Structure formats: structure tokens, C-alpha cells
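Student: Next comes the structure file run_11.txt, holding compact mmCIF, N, CA, C and O atoms.
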```
# COMPACT_ATOMS: atom_id res chain seq x y z
N TRP A 24 59.62 117.82 9.41
CA TRP A 24 59.82 118.78 8.35
C TRP A 24 59.97 118.11 6.98
O TRP A 24 59.72 118.72 5.96
N PHE A 25 60.42 116.86 7.01
CA PHE A 25 60.56 116.13 5.75
C PHE A 25 59.23 116.06 5.02
O PHE A 25 59.16 116.30 3.81
N ALA A 26 58.18 115.73 5.75
CA ALA A 26 56.86 115.57 5.13
C ALA A 26 56.38 116.88 4.50
O ALA A 26 55.80 116.87 3.41
N VAL A 27 56.63 117.99 5.16
CA VAL A 27 56.20 119.29 4.64
C VAL A 27 56.97 119.61 3.36
O VAL A 27 56.38 119.98 2.33
N GLY A 28 58.27 119.46 3.40
CA GLY A 28 59.09 119.73 2.21
C GLY A 28 58.74 118.81 1.06
O GLY A 28 58.67 119.22 -0.10
N PHE A 29 58.51 117.54 1.40
CA PHE A 29 58.14 116.55 0.39
C PHE A 29 56.81 116.93 -0.25
O PHE A 29 56.67 116.90 -1.47
N GLY A 30 55.85 117.30 0.57
CA GLY A 30 54.53 117.69 0.05
C GLY A 30 54.60 118.92 -0.84
O GLY A 30 53.97 118.97 -1.90
N VAL A 31 55.40 119.89 -0.43
CA VAL A 31 55.55 121.11 -1.23
C VAL A 31 56.20 120.79 -2.57
O VAL A 31 55.78 121.30 -3.62
N ALA A 32 57.22 119.93 -2.56
CA ALA A 32 57.90 119.56 -3.80
C ALA A 32 56.95 118.84 -4.76
O ALA A 32 56.93 119.12 -5.96
N MET A 33 56.16 117.92 -4.24
CA MET A 33 55.23 117.18 -5.09
C MET A 33 54.14 118.11 -5.63
O MET A 33 53.76 118.03 -6.80
N LEU A 34 53.65 119.00 -4.79
CA LEU A 34 52.65 119.97 -5.22
C LEU A 34 53.22 120.89 -6.31
O LEU A 34 52.55 121.18 -7.30
N ALA A 35 54.46 121.30 -6.14
CA ALA A 35 55.11 122.14 -7.15
C ALA A 35 55.20 121.41 -8.49
O ALA A 35 54.95 122.01 -9.55
N CYS A 36 55.56 120.13 -8.46
CA CYS A 36 55.63 119.35 -9.70
C CYS A 36 54.28 119.30 -10.39
O CYS A 36 54.17 119.52 -11.60
N VAL A 37 53.24 119.01 -9.63
CA VAL A 37 51.89 118.92 -10.22
C VAL A 37 51.45 120.27 -10.77
O VAL A 37 50.88 120.35 -11.87
N LEU A 38 51.72 121.34 -10.04
CA LEU A 38 51.32 122.67 -10.50
C LEU A 38 52.06 123.08 -11.77
O LEU A 38 51.45 123.63 -12.70
N VAL A 39 53.36 122.83 -11.82
CA VAL A 39 54.14 123.17 -13.02
C VAL A 39 53.60 122.41 -14.22
O VAL A 39 53.42 122.97 -15.30
N GLU A 40 53.32 121.13 -14.03
CA GLU A 40 52.76 120.34 -15.13
C GLU A 40 51.40 120.86 -15.57
O GLU A 40 51.16 121.07 -16.76
N THR A 41 50.52 121.06 -14.60
CA THR A 41 49.14 121.42 -14.91
C THR A 41 49.01 122.82 -15.48
O THR A 41 48.30 123.04 -16.46
N VAL A 42 49.69 123.77 -14.88
CA VAL A 42 49.51 125.17 -15.25
C VAL A 42 50.39 125.58 -16.43
O VAL A 42 49.96 126.34 -17.30
N LEU A 43 51.60 125.05 -16.49
CA LEU A 43 52.53 125.50 -17.54
C LEU A 43 52.75 124.49 -18.65
O LEU A 43 52.58 124.80 -19.82
N LEU A 44 53.14 123.29 -18.27
CA LEU A 44 53.62 122.33 -19.25
C LEU A 44 52.52 121.73 -20.11
O LEU A 44 52.63 121.68 -21.34
N LEU A 45 51.46 121.24 -19.50
CA LEU A 45 50.39 120.59 -20.27
C LEU A 45 49.73 121.53 -21.29
O LEU A 45 49.48 121.11 -22.43
N PRO A 46 49.45 122.79 -20.95
CA PRO A 46 48.90 123.69 -21.98
C PRO A 46 49.86 123.89 -23.16
O PRO A 46 49.42 123.95 -24.32
N LEU A 47 51.16 123.96 -22.89
CA LEU A 47 52.13 124.11 -23.98
C LEU A 47 52.17 122.86 -24.86
O LEU A 47 52.22 122.95 -26.09
N LEU A 48 52.15 121.69 -24.23
CA LEU A 48 52.13 120.44 -24.99
C LEU A 48 50.83 120.31 -25.79
O LEU A 48 50.84 119.84 -26.93
N ASP A 49 49.72 120.74 -25.19
CA ASP A 49 48.44 120.70 -25.88
C ASP A 49 48.46 121.60 -27.11
O ASP A 49 47.92 121.24 -28.17
N ALA A 50 49.08 122.76 -27.00
CA ALA A 50 49.17 123.68 -28.14
C ALA A 50 49.98 123.04 -29.27
O ALA A 50 49.64 123.17 -30.45
N ARG A 51 51.03 122.32 -28.90
CA ARG A 51 51.84 121.63 -29.91
C ARG A 51 51.01 120.56 -30.62
O ARG A 51 51.09 120.39 -31.84
N VAL A 52 50.21 119.82 -29.86
CA VAL A 52 49.37 118.77 -30.44
C VAL A 52 48.35 119.39 -31.39
O VAL A 52 48.09 118.85 -32.48
N THR A 53 47.80 120.53 -31.02
CA THR A 53 46.82 121.22 -31.87
C THR A 53 47.46 121.59 -33.21
O THR A 53 46.84 121.43 -34.27
N ILE A 54 48.69 122.05 -33.17
CA ILE A 54 49.42 122.41 -34.41
C ILE A 54 49.61 121.17 -35.28
O ILE A 54 49.39 121.19 -36.49
N ILE A 55 49.99 120.06 -34.65
CA ILE A 55 50.23 118.82 -35.39
C ILE A 55 48.93 118.30 -36.00
O ILE A 55 48.90 117.90 -37.16
N ILE A 56 47.85 118.33 -35.22
CA ILE A 56 46.55 117.85 -35.73
C ILE A 56 46.09 118.70 -36.91
O ILE A 56 45.50 118.19 -37.86
N ALA A 57 46.41 119.99 -36.88
CA ALA A 57 46.02 120.89 -37.97
C ALA A 57 46.92 120.72 -39.18
O ALA A 57 46.74 121.41 -40.19
N GLY A 58 47.89 119.81 -39.09
CA GLY A 58 48.77 119.55 -40.23
C GLY A 58 50.05 120.33 -40.21
O GLY A 58 50.85 120.27 -41.14
N GLY A 59 50.26 121.10 -39.17
CA GLY A 59 51.48 121.90 -39.06
C GLY A 59 52.62 121.14 -38.42
O GLY A 59 52.50 119.99 -38.02
N MET A 60 53.75 121.80 -38.37
CA MET A 60 54.94 121.22 -37.76
C MET A 60 55.47 122.22 -36.73
O MET A 60 56.02 123.26 -37.09
N PRO A 61 55.27 121.93 -35.43
CA PRO A 61 55.74 122.88 -34.42
C PRO A 61 57.27 122.92 -34.37
O PRO A 61 57.95 121.98 -34.80
N ALA A 62 57.78 124.01 -33.85
CA ALA A 62 59.23 124.15 -33.70
C ALA A 62 59.76 123.10 -32.72
O ALA A 62 59.03 122.62 -31.86
N ARG A 63 61.03 122.77 -32.88
CA ARG A 63 61.64 121.79 -31.98
C ARG A 63 61.53 122.30 -30.55
O ARG A 63 61.61 123.49 -30.28
N SER A 64 61.36 121.35 -29.65
CA SER A 64 61.17 121.72 -28.25
C SER A 64 61.63 120.57 -27.35
O SER A 64 61.62 119.41 -27.75
N SER A 65 62.02 120.93 -26.15
CA SER A 65 62.41 119.91 -25.16
C SER A 65 61.31 119.74 -24.11
O SER A 65 61.56 119.24 -23.02
N LEU A 66 60.08 120.14 -24.46
CA LEU A 66 58.98 120.06 -23.49
C LEU A 66 58.69 118.62 -23.08
O LEU A 66 58.39 118.36 -21.91
N HIS A 67 58.79 117.68 -24.01
CA HIS A 67 58.51 116.29 -23.66
C HIS A 67 59.57 115.74 -22.70
O HIS A 67 59.24 114.98 -21.79
N GLN A 68 60.82 116.13 -22.89
CA GLN A 68 61.87 115.71 -21.97
C GLN A 68 61.61 116.29 -20.58
O GLN A 68 61.82 115.62 -19.57
N LEU A 69 61.17 117.54 -20.53
CA LEU A 69 60.83 118.16 -19.25
C LEU A 69 59.68 117.41 -18.58
O LEU A 69 59.70 117.14 -17.38
N TYR A 70 58.67 117.06 -19.39
CA TYR A 70 57.52 116.30 -18.86
C TYR A 70 58.00 114.97 -18.29
O TYR A 70 57.59 114.57 -17.19
N ILE A 71 58.85 114.27 -19.02
CA ILE A 71 59.38 112.98 -18.54
C ILE A 71 60.17 113.19 -17.26
O ILE A 71 60.07 112.39 -16.31
N GLY A 72 60.94 114.25 -17.19
CA GLY A 72 61.72 114.54 -15.99
C GLY A 72 60.83 114.78 -14.77
O GLY A 72 61.08 114.24 -13.69
N ILE A 73 59.78 115.56 -14.95
CA ILE A 73 58.86 115.83 -13.84
C ILE A 73 58.13 114.56 -13.42
O ILE A 73 57.96 114.28 -12.23
N GLU A 74 57.71 113.76 -14.41
CA GLU A 74 57.06 112.48 -14.08
C GLU A 74 58.02 111.57 -13.32
O GLU A 74 57.61 110.85 -12.40
N SER A 75 59.28 111.59 -13.68
CA SER A 75 60.29 110.77 -12.98
C SER A 75 60.45 111.23 -11.54
O SER A 75 60.57 110.42 -10.63
N ILE A 76 60.46 112.54 -11.34
CA ILE A 76 60.55 113.09 -9.98
C ILE A 76 59.34 112.65 -9.16
O ILE A 76 59.46 112.25 -8.01
N LYS A 77 58.15 112.71 -9.78
CA LYS A 77 56.94 112.28 -9.07
C LYS A 77 56.98 110.79 -8.74
O LYS A 77 56.58 110.38 -7.64
N LEU A 78 57.48 109.98 -9.66
CA LEU A 78 57.61 108.54 -9.41
C LEU A 78 58.57 108.28 -8.26
O LEU A 78 58.27 107.50 -7.35
N LEU A 79 59.71 108.95 -8.28
CA LEU A 79 60.68 108.82 -7.19
C LEU A 79 60.04 109.25 -5.87
O LEU A 79 60.24 108.60 -4.84
N GLY A 80 59.27 110.32 -5.92
CA GLY A 80 58.57 110.79 -4.71
C GLY A 80 57.60 109.76 -4.18
O GLY A 80 57.51 109.55 -2.96
N LEU A 81 56.87 109.10 -5.08
CA LEU A 81 55.95 108.05 -4.64
C LEU A 81 56.70 106.87 -4.02
O LEU A 81 56.25 106.31 -3.01
N ILE A 82 57.82 106.51 -4.60
CA ILE A 82 58.63 105.42 -4.04
C ILE A 82 59.11 105.79 -2.65
O ILE A 82 59.03 104.98 -1.71
N ILE A 83 59.58 107.02 -2.48
CA ILE A 83 60.03 107.48 -1.17
C ILE A 83 58.87 107.46 -0.18
O ILE A 83 59.03 107.03 0.96
N LEU A 84 57.71 107.91 -0.61
CA LEU A 84 56.53 107.92 0.25
C LEU A 84 56.16 106.50 0.69
O LEU A 84 55.86 106.26 1.86
N ILE A 85 56.21 105.55 -0.23
CA ILE A 85 55.90 104.16 0.10
C ILE A 85 56.90 103.61 1.11
O ILE A 85 56.52 102.97 2.10
N VAL A 86 58.18 103.85 0.89
CA VAL A 86 59.22 103.36 1.81
C VAL A 86 59.04 103.97 3.19
O VAL A 86 59.08 103.26 4.21
N GLN A 87 58.81 105.28 3.25
CA GLN A 87 58.62 105.95 4.54
C GLN A 87 57.37 105.42 5.25
O GLN A 87 57.38 105.22 6.46
N SER A 88 56.31 105.19 4.51
CA SER A 88 55.08 104.67 5.11
C SER A 88 55.30 103.27 5.65
O SER A 88 54.84 102.94 6.76
N CYS A 89 55.99 102.42 4.89
CA CYS A 89 56.27 101.06 5.36
C CYS A 89 57.12 101.08 6.62
O CYS A 89 56.87 100.31 7.55
N ARG A 90 58.11 101.95 6.66
CA ARG A 90 58.95 102.06 7.86
C ARG A 90 58.14 102.51 9.07
O ARG A 90 58.32 102.03 10.18
N SER A 91 57.25 103.47 8.84
CA SER A 91 56.40 103.96 9.92
C SER A 91 55.49 102.85 10.45
O SER A 91 55.34 102.68 11.66
N ILE A 92 54.89 102.10 9.54
CA ILE A 92 54.02 100.99 9.94
C ILE A 92 54.82 99.95 10.70
O ILE A 92 54.38 99.44 11.73
N GLU A 93 56.02 99.65 10.20
CA GLU A 93 56.88 98.66 10.85
C GLU A 93 57.22 99.08 12.28
O GLU A 93 57.18 98.27 13.21
N ARG A 94 57.53 100.36 12.48
CA ARG A 94 57.84 100.86 13.83
C ARG A 94 56.63 100.74 14.76
O ARG A 94 56.75 100.35 15.91
N ARG A 95 55.45 101.11 14.23
CA ARG A 95 54.24 101.05 15.06
C ARG A 95 53.91 99.61 15.44
O ARG A 95 53.57 99.33 16.59
N VAL A 96 53.98 98.72 14.47
CA VAL A 96 53.67 97.31 14.75
C VAL A 96 54.70 96.73 15.71
O VAL A 96 54.35 96.02 16.66
N GLY A 97 55.96 97.07 15.50
CA GLY A 97 57.02 96.60 16.40
C GLY A 97 56.80 97.08 17.82
O GLY A 97 56.98 96.34 18.78
N ALA A 98 56.40 98.33 17.98
CA ALA A 98 56.15 98.88 19.31
C ALA A 98 54.96 98.19 19.97
O ALA A 98 54.99 97.88 21.17
N LYS A 99 53.91 97.90 19.21
CA LYS A 99 52.74 97.21 19.77
C LYS A 99 53.11 95.79 20.20
O LYS A 99 52.69 95.33 21.26
N ILE A 100 53.89 95.11 19.38
CA ILE A 100 54.30 93.74 19.73
C ILE A 100 55.15 93.78 21.00
O ILE A 100 54.97 92.96 21.90
N GLU A 101 56.05 94.73 21.09
CA GLU A 101 56.89 94.86 22.27
C GLU A 101 56.05 95.15 23.51
O GLU A 101 56.27 94.57 24.57
N ASP A 102 55.07 96.03 23.38
CA ASP A 102 54.17 96.33 24.50
C ASP A 102 53.41 95.09 24.94
O ASP A 102 53.26 94.83 26.13
N GLN A 103 52.94 94.32 23.97
CA GLN A 103 52.20 93.09 24.30
C GLN A 103 53.11 92.07 24.97
O GLN A 103 52.72 91.41 25.93
N GLU A 104 54.32 91.94 24.49
CA GLU A 104 55.26 91.01 25.10
C GLU A 104 55.59 91.43 26.52
O GLU A 104 55.70 90.59 27.42
N ASN A 105 55.76 92.72 26.75
CA ASN A 105 56.08 93.22 28.08
C ASN A 105 54.90 93.00 29.03
O ASN A 105 55.09 92.72 30.21
N SER A 106 53.67 93.13 28.54
CA SER A 106 52.51 92.95 29.41
C SER A 106 52.29 91.47 29.76
O SER A 106 51.66 91.15 30.75
N LEU A 107 52.84 90.58 28.93
CA LEU A 107 52.69 89.14 29.20
C LEU A 107 53.88 88.58 29.99
O LEU A 107 53.83 87.43 30.41
N ASP A 108 54.91 89.38 30.22
CA ASP A 108 56.11 88.93 30.92
C ASP A 108 55.76 88.65 32.38
O ASP A 108 55.37 89.54 33.13
N PRO A 109 55.89 87.39 32.85
CA PRO A 109 55.51 87.06 34.22
C PRO A 109 56.40 87.73 35.27
O PRO A 109 56.01 87.86 36.42
N ARG A 110 57.58 88.15 34.91
CA ARG A 110 58.48 88.81 35.86
C ARG A 110 58.11 90.27 36.08
O ARG A 110 58.65 90.93 36.95
N GLY A 111 57.17 90.77 35.26
CA GLY A 111 56.72 92.15 35.42
C GLY A 111 57.67 93.18 34.86
O GLY A 111 57.62 94.34 35.20
N HIS A 112 58.55 92.79 34.00
CA HIS A 112 59.53 93.71 33.41
C HIS A 112 58.96 94.39 32.20
O HIS A 112 58.31 93.96 31.40
```
Please express the file's structure as C-alpha cells.

Tutor:
Amino acid sequence: WFAVGFGVAMLACVLVETVLLLPLLDARVTIIIAGGMPARSSLHQLYIGIESIKLLGLIILIVQSCRSIERRVGAKIEDQENSLDPRGH
């Protein structure tokens, strides 16, 4: 269930950024390029927060993947050692 929840959380972050946040930030940039001054906003802090969540998610994914690989390799080594045991154990 961890993987499903993790995937949903990461998908939600990407969707919020893509559908809501980036268009709002783009509109602010358009105002600035046109010489205007947009109203104060915390959109950039929100963007940084979401990016931080995604980074943390990637770190968790890497750690979980390494642990999974380690377990698989460990099990294979153990199986090979057991098959070479002359006592048949």
C-alpha cells in the first residue's frame, strides 16, 4: 500500500504544479515582461515547497529501491550458498 499512496502523492504534486501553479506563475511573468508589477504572492514559496516534497519523494524511492535490491541479492546469495552446502542443509 505504501507504493500506491506514494504514487498518488507524487502524482498529486505534479498535477497541482502543472494545472494550477505553473499557469499562475506564468501569468505573473507575463505581467513583469510587459513592464508591470504583479501583486505580492507566495506562489514561489509554494512552488519551492512542492519541489521539496518531490525531492524527498525521490530520495525515499531511491532508498526503498536500494533496500529491495539488497534483499533480492541477499536472497539469491543465500540460495546459492545453500545449494553448494555439502551437508545438504

Student: Report the residues of stretch 56-106 of chain A whose backbone DSSP state falls under alpha helix (DSSP H), written as a VMD selection string.

Tutor: chain A and resid 56 66 to 106

Student: One number please: atom CA of A:Cys89 to atom O of A:Tyr70, in Å, one decimal.

Tutor: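 About the pair atom CA of A:Cys89 and atom O of A:Tyr70: they are 26.3 Å apart.
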
Student: Quick one, how far is atom O of A:Ser88 from atom CA of A:Gly28?

Tutor: 17.9 Å

Student: For atom C of A:Arg94 and atom CA of A:Trp24, quote the distance in Å rounded to one decimal.

Tutor: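 Interatomic distance, atom C of A:Arg94 to atom CA of A:Trp24: 19.4 Å.
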
Student: Go through A:Ile85, A:Val27, A:Ala57, A:Leu66 and flag the residue nearest A:Leu45, using only C-alpha atoms for the distances.

Tutor: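 With only C-alpha atoms as the atom set, the closest residue is A:Leu66.
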
Student: Name the closest residue to A:Ser75 among the candidates A:Met60, A:Met33, A:Leu38, A:Leu44; distances are taken between atoms, counting only C-alpha atoms.

Tutor: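 Answer, going by the shortest atom-to-atom distance: A:Met33.
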